[in-house]
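Notes follow the structure.
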Amino acid sequence: MKTKIQELTQKYIQDIIAIRRHLHSNPELSFEEHKTSAYIKENLDKMGIPYKDGFVKTGILGRIEGKNPGNRTIALRADMDALPIKESTDLEFTSRNEGVMHACGHDAHTAALLGAAMILNELKTEFEGTILLIFQPAEEVFPGGAKLMMEEGLFSDIEPDLIIGQHVLPNMKTGHVGFKRGMYMASGDEVHLTVKGKGGHAAMPHALTDNVLIASHIIVALQQIVSRIVPAQIPTVLSFGKVIADGATNIIPEKVTIAGTLRTMNEEWRAKIKEKIRDIAQSTAKCMGAECEVDIKDGYPVVHNTEYITEQAIDFSNEYLGKENTELMDIRMTAEDFGYFSQKYPSTFYRFGVAQDETETGSLHTPQFNLNEKSLETAAGLMAYLGFKFMKTHNTEDQ
């Protein structure tokens with residue numbers, strides 16, 4: 001089967017590259033992926049793969065049924081939204097939509113999933129069960145397409161036994177993939193604070209509340225959560241990247257706003273930290289004569305790679321790509337809405353390398369990002385192989 005999938009990957013690789021290039025030159029922002037969705041459906045129609053659409057307007061769930069479709073169900077997921085970034089590459093297929101760019105590799109994710117669909121559709125007489133193809137909108141914007149698709153009944157007709165997702169990694173060699181058992185990516189919440197008090201002339205601080213100083217005290221005090229409250233073995237980040245004090249050299253404003261991000265690897269402590277943020281911010285402001293409004297917007301949950309599923313995925317990757325091309329990775333404090341899937345279903349979310357051989361790849365979310373298209377062979381082929389192998393494998397936690 002390894003040889004068959006490798007041969008089919010080579011058969012379809014030029015089609016997969018063409019799909020990626022079309023998507024790259026026609027990027028669409030989160031919740032606006034209408035042309036992208038239509039293009040995906042055109043390709044599914046060509047393959048004769050049935051689907052349900054309209055999830056969160058643009059989301060699609062394809063379905064490849066093998067023999068005995070009810071035997072086992074494996075879901076493969078790709079996100080398809082782009083970012084509000086003006087592209088700065090010299091590609092022939094550069095973005096045609098001004099100020100919008102596939103700078104996070106979602107064009108490659110979608111192309112690879114369509115490629116895997118081409119391969120698995122040819123092999124459907126050789127497995128028992130059903131392959132689900134999740135084309136998800138809005139990974140880049142809260143509340144995230146994964147959550148909304150499930151709320152709209154994504155799996156109301158059929159539920160997966162496990163879900164597999166993948167993502168590009170610019171600093172990993174093309175042809176390599178990386179896995180992490182257990183906790184892999186952090187939760188990501190937005191923290192918004194508003195300090196309010198009596199503003200006025202900066203030369204008379206005794207007659208008012210120095211809301212800029214109070215905001216500063218709050219920021220410093222909140223750092224104690226990470227260094228002194230959360231257990232050291234739980235990776236946690238609390239960072240503030242935006243402070244607006246709209247005063248002047250001689251004016252202390254009545255209001256100061258602060259915005260930041262909270263990341264952690266533990267869902268129980270995630271809830272506790274939010275309460276600590278609220279308590280510390282409000283009590284610090286109060287003791288200095290002001291008040292602080294706290295608004296914490298819930299973001300994506302922790303991405304947890306089911307240990308026994310991921311262990312099997314590593315074994316399958318070793319078979320397909322070789323041990324020398326299968327890496328073990330560390331945690332990442334970035335967030336991904338695949339976490340909504342992983343919180344509910346056995347899952348594994350892995351990375352595939354896209355580093356250029358000789359030119360600069362560029363970082364994710366930058367105008368210069370440009371992946372190595374050779375990586376699409378790995379992305380499409382391995383995803384198809386994992387889908388096929390997991391269809392044949394009855395997972396248990398005892399394995």
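Convention: chains lettered A, B, ... in structure tokens order; per-chain residue numbering from 1; ligands numbered from 1 as shown.
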Which of segment 203-303 of chain A fall in strand (DSSP E), as a ChimeraX atom specification: /A:236-245,251-252,255-264,291-300,303
Can those selected residues be exported to a file as a CSV table (one decimal), in the first residue's frame so that it contains N, CA and C atoms?
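After the write, selection-v1.csv holds the following:
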```
chain,number,residue,atom,x,y,z
A,236,THR,N,3.1,28.6,30.6
A,236,THR,CA,2.1,29.7,30.7
A,236,THR,C,2.8,31.0,30.2
A,237,VAL,N,2.1,31.7,29.4
A,237,VAL,CA,2.5,33.0,28.9
A,237,VAL,C,1.4,34.1,29.1
A,238,LEU,N,1.7,35.2,29.7
A,238,LEU,CA,0.8,36.3,29.8
A,238,LEU,C,1.6,37.5,29.3
A,239,SER,N,1.2,38.0,28.1
A,239,SER,CA,1.9,39.1,27.5
A,239,SER,C,0.9,40.2,27.1
A,240,PHE,N,1.4,41.5,27.3
A,240,PHE,CA,0.6,42.6,26.9
A,240,PHE,C,1.3,43.4,25.8
A,241,GLY,N,0.6,43.5,24.7
A,241,GLY,CA,1.2,44.1,23.5
A,241,GLY,C,0.6,45.5,23.1
A,242,LYS,N,-0.5,45.9,23.9
A,242,LYS,CA,-1.1,47.1,23.5
A,242,LYS,C,-1.5,47.9,24.7
A,243,VAL,N,-1.1,49.2,24.9
A,243,VAL,CA,-1.5,50.0,26.0
A,243,VAL,C,-1.8,51.4,25.3
A,244,ILE,N,-3.0,51.9,25.6
A,244,ILE,CA,-3.4,53.2,25.0
A,244,ILE,C,-3.8,54.1,26.2
A,245,ALA,N,-2.9,55.1,26.3
A,245,ALA,CA,-3.2,56.2,27.3
A,245,ALA,C,-3.3,57.5,26.5
A,251,ILE,N,-1.2,66.0,30.5
A,251,ILE,CA,-2.5,65.5,30.7
A,251,ILE,C,-2.5,64.1,31.1
A,252,ILE,N,-3.1,63.8,32.2
A,252,ILE,CA,-3.3,62.4,32.6
A,252,ILE,C,-4.7,62.0,32.2
A,255,LYS,N,-8.9,57.5,31.2
A,255,LYS,CA,-9.0,56.1,30.9
A,255,LYS,C,-7.7,55.6,30.2
A,256,VAL,N,-7.3,54.4,30.6
A,256,VAL,CA,-6.2,53.7,29.9
A,256,VAL,C,-6.6,52.3,29.6
A,257,THR,N,-6.4,51.9,28.4
A,257,THR,CA,-6.8,50.5,27.9
A,257,THR,C,-5.5,49.7,27.7
A,258,ILE,N,-5.7,48.4,28.1
A,258,ILE,CA,-4.5,47.5,28.0
A,258,ILE,C,-5.1,46.2,27.3
A,259,ALA,N,-4.3,45.6,26.4
A,259,ALA,CA,-4.7,44.4,25.7
A,259,ALA,C,-3.6,43.5,25.6
A,260,GLY,N,-3.8,42.2,25.8
A,260,GLY,CA,-2.8,41.2,25.8
A,260,GLY,C,-3.3,39.8,25.5
A,261,THR,N,-2.4,38.8,25.6
A,261,THR,CA,-2.8,37.4,25.4
A,261,THR,C,-2.4,36.5,26.5
A,262,LEU,N,-3.2,35.6,26.8
A,262,LEU,CA,-3.0,34.5,27.8
A,262,LEU,C,-2.9,33.2,27.1
A,263,ARG,N,-1.7,32.5,27.3
A,263,ARG,CA,-1.5,31.2,26.7
A,263,ARG,C,-1.1,30.2,27.8
A,264,THR,N,-1.7,29.0,27.8
A,264,THR,CA,-1.3,28.0,28.8
A,264,THR,C,-1.6,26.6,28.2
A,291,GLU,N,-10.7,52.3,39.2
A,291,GLU,CA,-11.4,51.0,39.0
A,291,GLU,C,-10.8,50.4,37.7
A,292,CYS,N,-11.0,49.1,37.5
A,292,CYS,CA,-10.5,48.4,36.3
A,292,CYS,C,-11.6,47.4,35.8
A,293,GLU,N,-12.0,47.6,34.6
A,293,GLU,CA,-12.9,46.7,34.0
A,293,GLU,C,-12.1,45.6,33.3
A,294,VAL,N,-12.5,44.4,33.5
A,294,VAL,CA,-11.8,43.2,32.9
A,294,VAL,C,-12.7,42.5,31.9
A,295,ASP,N,-12.2,42.3,30.7
A,295,ASP,CA,-12.9,41.6,29.7
A,295,ASP,C,-12.0,40.5,29.1
A,296,ILE,N,-12.2,39.3,29.4
A,296,ILE,CA,-11.3,38.2,28.9
A,296,ILE,C,-12.2,37.4,27.8
A,297,LYS,N,-11.7,37.5,26.6
A,297,LYS,CA,-12.4,36.8,25.5
A,297,LYS,C,-11.8,35.4,25.3
A,298,ASP,N,-12.7,34.4,25.5
A,298,ASP,CA,-12.2,33.0,25.4
A,298,ASP,C,-11.8,32.7,23.9
A,299,GLY,N,-10.5,32.2,23.8
A,299,GLY,CA,-10.0,31.9,22.5
A,299,GLY,C,-10.0,30.4,22.3
A,300,TYR,N,-9.1,29.9,21.6
A,300,TYR,CA,-9.0,28.4,21.3
A,300,TYR,C,-8.5,27.6,22.5
A,303,VAL,N,-4.5,22.3,22.2
A,303,VAL,CA,-4.5,21.2,21.2
A,303,VAL,C,-3.8,20.0,21.9
```
Please list as a list in words every residue within 9 Å of Ile234 of chain A, counting only C-alpha atoms and excluding residues in the same chain fewer than 4 positions away. Val230, Thr264, Met265, Asn266 and Trp269 of chain A
Running DSSP on the backbone, which parts of segment 95-337 of chain A land in alpha helix (DSSP H), as a ChimeraX atom specification? /A:106-122,145-151,211-224,267-287,307-321
Contacts of Glu373 of chain A within 12 Å, only C-alpha atoms, excl. fewer than 6 positions in-chain, as a PDB file with C-alpha atoms, in the first residue's frame:
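What landed in result.pdb:
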```
ATOM      1  CA  ILE A  13       1.207  15.907  -7.747  1.00  0.00           C
ATOM      2  CA  GLN A  14       0.983  18.365 -10.640  1.00  0.00           C
ATOM      3  CA  ASP A  15      -2.758  18.695 -10.053  1.00  0.00           C
ATOM      4  CA  ILE A  16      -2.118  19.294  -6.349  1.00  0.00           C
ATOM      5  CA  ILE A  17       0.459  21.987  -7.123  1.00  0.00           C
ATOM      6  CA  ALA A  18      -1.950  23.634  -9.573  1.00  0.00           C
ATOM      7  CA  ILE A  19      -4.659  23.663  -6.902  1.00  0.00           C
ATOM      8  CA  ARG A  20      -2.300  25.239  -4.397  1.00  0.00           C
ATOM      9  CA  ARG A  21      -1.263  27.921  -6.883  1.00  0.00           C
ATOM     10  CA  HIS A  24      -2.625  31.137  -3.359  1.00  0.00           C
ATOM     11  CA  GLY A 105       0.004  27.835   4.412  1.00  0.00           C
ATOM     12  CA  ASP A 107      -3.596  27.026   0.588  1.00  0.00           C
ATOM     13  CA  ALA A 108      -1.178  24.105   0.962  1.00  0.00           C
ATOM     14  CA  HIS A 109      -3.350  22.466   3.629  1.00  0.00           C
ATOM     15  CA  ALA A 111      -4.476  21.426  -1.715  1.00  0.00           C
ATOM     16  CA  ALA A 112      -2.953  18.542   0.252  1.00  0.00           C
ATOM     17  CA  VAL A 168       3.164  23.802   7.509  1.00  0.00           C
ATOM     18  CA  PRO A 170       8.811  26.925   7.681  1.00  0.00           C
ATOM     19  CA  THR A 174      10.956  19.743   3.245  1.00  0.00           C
ATOM     20  CA  GLY A 175      10.203  16.015   3.276  1.00  0.00           C
ATOM     21  CA  PHE A 352       5.167  19.083   7.681  1.00  0.00           C
ATOM     22  CA  GLY A 353       8.321  20.895   6.657  1.00  0.00           C
ATOM     23  CA  VAL A 354       8.202  23.463   3.856  1.00  0.00           C
ATOM     24  CA  ALA A 355      11.688  25.015   3.982  1.00  0.00           C
ATOM     25  CA  GLN A 356      13.075  26.147   0.650  1.00  0.00           C
ATOM     26  CA  ASP A 357      16.218  24.456  -0.608  1.00  0.00           C
ATOM     27  CA  THR A 361      11.123  30.568   3.046  1.00  0.00           C
ATOM     28  CA  ALA A 379       1.602  16.500   2.847  1.00  0.00           C
ATOM     29  CA  ALA A 380      -0.817  14.779   0.474  1.00  0.00           C
TER      30      ALA A 380
END
```
Among A:Val220, A:Lys173, A:Leu29, A:Glu307, Glu324 of chain A is approached most closely, using only C-alpha atoms, by A:Lys173
Atom pair atom CA of Leu162 of chain A / atom CA of Pro301 of chain A: separation (Å):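 Calculated distance between atom CA of Leu162 of chain A and atom CA of Pro301 of chain A is 17.8 Å.
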Neighbour list for Lys2 of chain A as a PyMOL selection string, cut-off 8 Å, only C-alpha atoms, skip fewer than 2 positions in-chain: chain A and resi 4-6+319-320+385
Given the selection you just returned, output its residues as a file containing C-alpha atoms, formatted as a PDB file, in the first residue's frame.
```
ATOM      1  CA  LYS A   4       0.528   2.412  -4.282  1.00  0.00           C
ATOM      2  CA  ILE A   5       0.044   5.660  -2.391  1.00  0.00           C
ATOM      3  CA  GLN A   6       3.467   6.925  -3.429  1.00  0.00           C
ATOM      4  CA  GLU A 319       6.851   3.341   7.500  1.00  0.00           C
ATOM      5  CA  TYR A 320       5.925   5.859   4.825  1.00  0.00           C
ATOM      6  CA  TYR A 385      -1.384   6.966   4.110  1.00  0.00           C
TER       7      TYR A 385
END
```
Any idea what's packed within 10 Å of Gln312 of chain A, counting only C-alpha atoms, ignoring anything in its chain fewer than 4 positions away? Could you give it as a ChimeraX atom specification? /A:307-308,316-318,348,386,389-390,393,395,399
So, with only C-alpha atoms as the atoms that count, which of A:Gly178, A:Ser375, A:Asp337, A:Arg351 lies closest to Ile314 of chain A?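 Ranking A:Gly178, A:Ser375, A:Asp337, A:Arg351 by distance to Ile314 of chain A, first place goes to A:Gly178.
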From the list A:His365, A:His201, A:Arg181, A:Lys272, which residue is nearest Asn305 of chain A when using only C-alpha atoms?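 Closest to Asn305 of chain A, using only C-alpha atoms: A:Arg181.
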Students should find that atom CA of Ile214 of chain A and atom CA of Gly200 of chain A are spaced 14.6 Å
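Comparing the minimum interatomic distances between Asp315 of chain A and each of A:Leu23, A:Leu382, A:Thr73, A:Ile331, counting only C-alpha atoms, we find that A:Leu382 sits nearest.
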Need to verify the contact set: Asp161 of chain A, 7 Å, only C-alpha atoms, exclusion of same-chain residues closer than 6 positions in sequence. Can you return it as a PyMOL selection string? chain A and resi 72-74+346
Nearest to Val226 of chain A by atom-to-atom distance, counting only C-alpha atoms, from A:Ile277, A:Gly387, A:Pro205, A:Pro253: A:Ile277
Separation of atom CA of Lys374 of chain A from atom CA of Asn325 of chain A in Å: 14.2 Å
Write out, as a tab-separated table, each residue of segment 3-122 of chain A that has an atom at most 9 Å from segment 126-147 of chain A, together with the closest pair of atoms and their distance in Å to one decimal, counting only C-alpha atoms, rows going by chain and rising number.
```
residue	atom	partner	partner_atom	distance
A:Leu29	CA	A:Ala138	CA	7.6
A:Ser30	CA	A:Ala138	CA	4.2
A:Phe31	CA	A:Ala138	CA	5.5
A:Glu32	CA	A:Pro137	CA	8.2
A:Glu33	CA	A:Pro137	CA	6.8
A:Ser37	CA	A:Phe135	CA	8.2
A:Ile40	CA	A:Phe135	CA	8.4
A:Tyr51	CA	A:Leu133	CA	8.6
A:Phe55	CA	A:Gln136	CA	8.5
A:Val56	CA	A:Gly145	CA	7.1
A:Lys57	CA	A:Pro137	CA	8.6
A:Thr58	CA	A:Pro137	CA	6.4
A:Gly59	CA	A:Gln136	CA	5.1
A:Ile60	CA	A:Phe135	CA	5.1
A:Leu61	CA	A:Ile134	CA	4.9
A:Gly62	CA	A:Leu133	CA	4.6
A:Arg63	CA	A:Leu132	CA	4.7
A:Ile64	CA	A:Ile131	CA	5.0
A:Glu65	CA	A:Thr130	CA	4.5
A:Gly66	CA	A:Glu128	CA	5.1
A:Lys67	CA	A:Glu128	CA	4.5
A:Asn68	CA	A:Glu128	CA	5.2
A:Pro69	CA	A:Gly129	CA	4.0
A:Gly70	CA	A:Gly129	CA	5.6
A:Asn71	CA	A:Gly129	CA	4.7
A:Arg72	CA	A:Gly129	CA	4.5
A:Thr73	CA	A:Thr130	CA	4.7
A:Ile74	CA	A:Ile131	CA	5.0
A:Ala75	CA	A:Leu132	CA	4.4
A:Leu76	CA	A:Leu133	CA	5.1
A:Arg77	CA	A:Ile134	CA	4.5
A:Ala78	CA	A:Phe135	CA	5.2
A:Asp79	CA	A:Gln136	CA	4.6
A:Met80	CA	A:Pro137	CA	5.6
A:Asp81	CA	A:Ala138	CA	5.6
A:Ala82	CA	A:Glu140	CA	7.8
A:Leu83	CA	A:Glu140	CA	7.5
A:Thr110	CA	A:Phe135	CA	7.1
A:Leu113	CA	A:Leu133	CA	7.4
A:Leu114	CA	A:Leu133	CA	8.5
A:Ala117	CA	A:Leu133	CA	7.6
A:Leu120	CA	A:Ile131	CA	8.3
A:Glu122	CA	A:Glu126	CA	8.9
```
Show me, as a VMD selection string, the residues that have an atom within 9 Å of Phe179 of chain A when counting only C-alpha atoms, minus same-chain residues fewer than 6 positions from it. chain A and resid 305 310 to 311 313 to 314 326 to 330 348 to 351
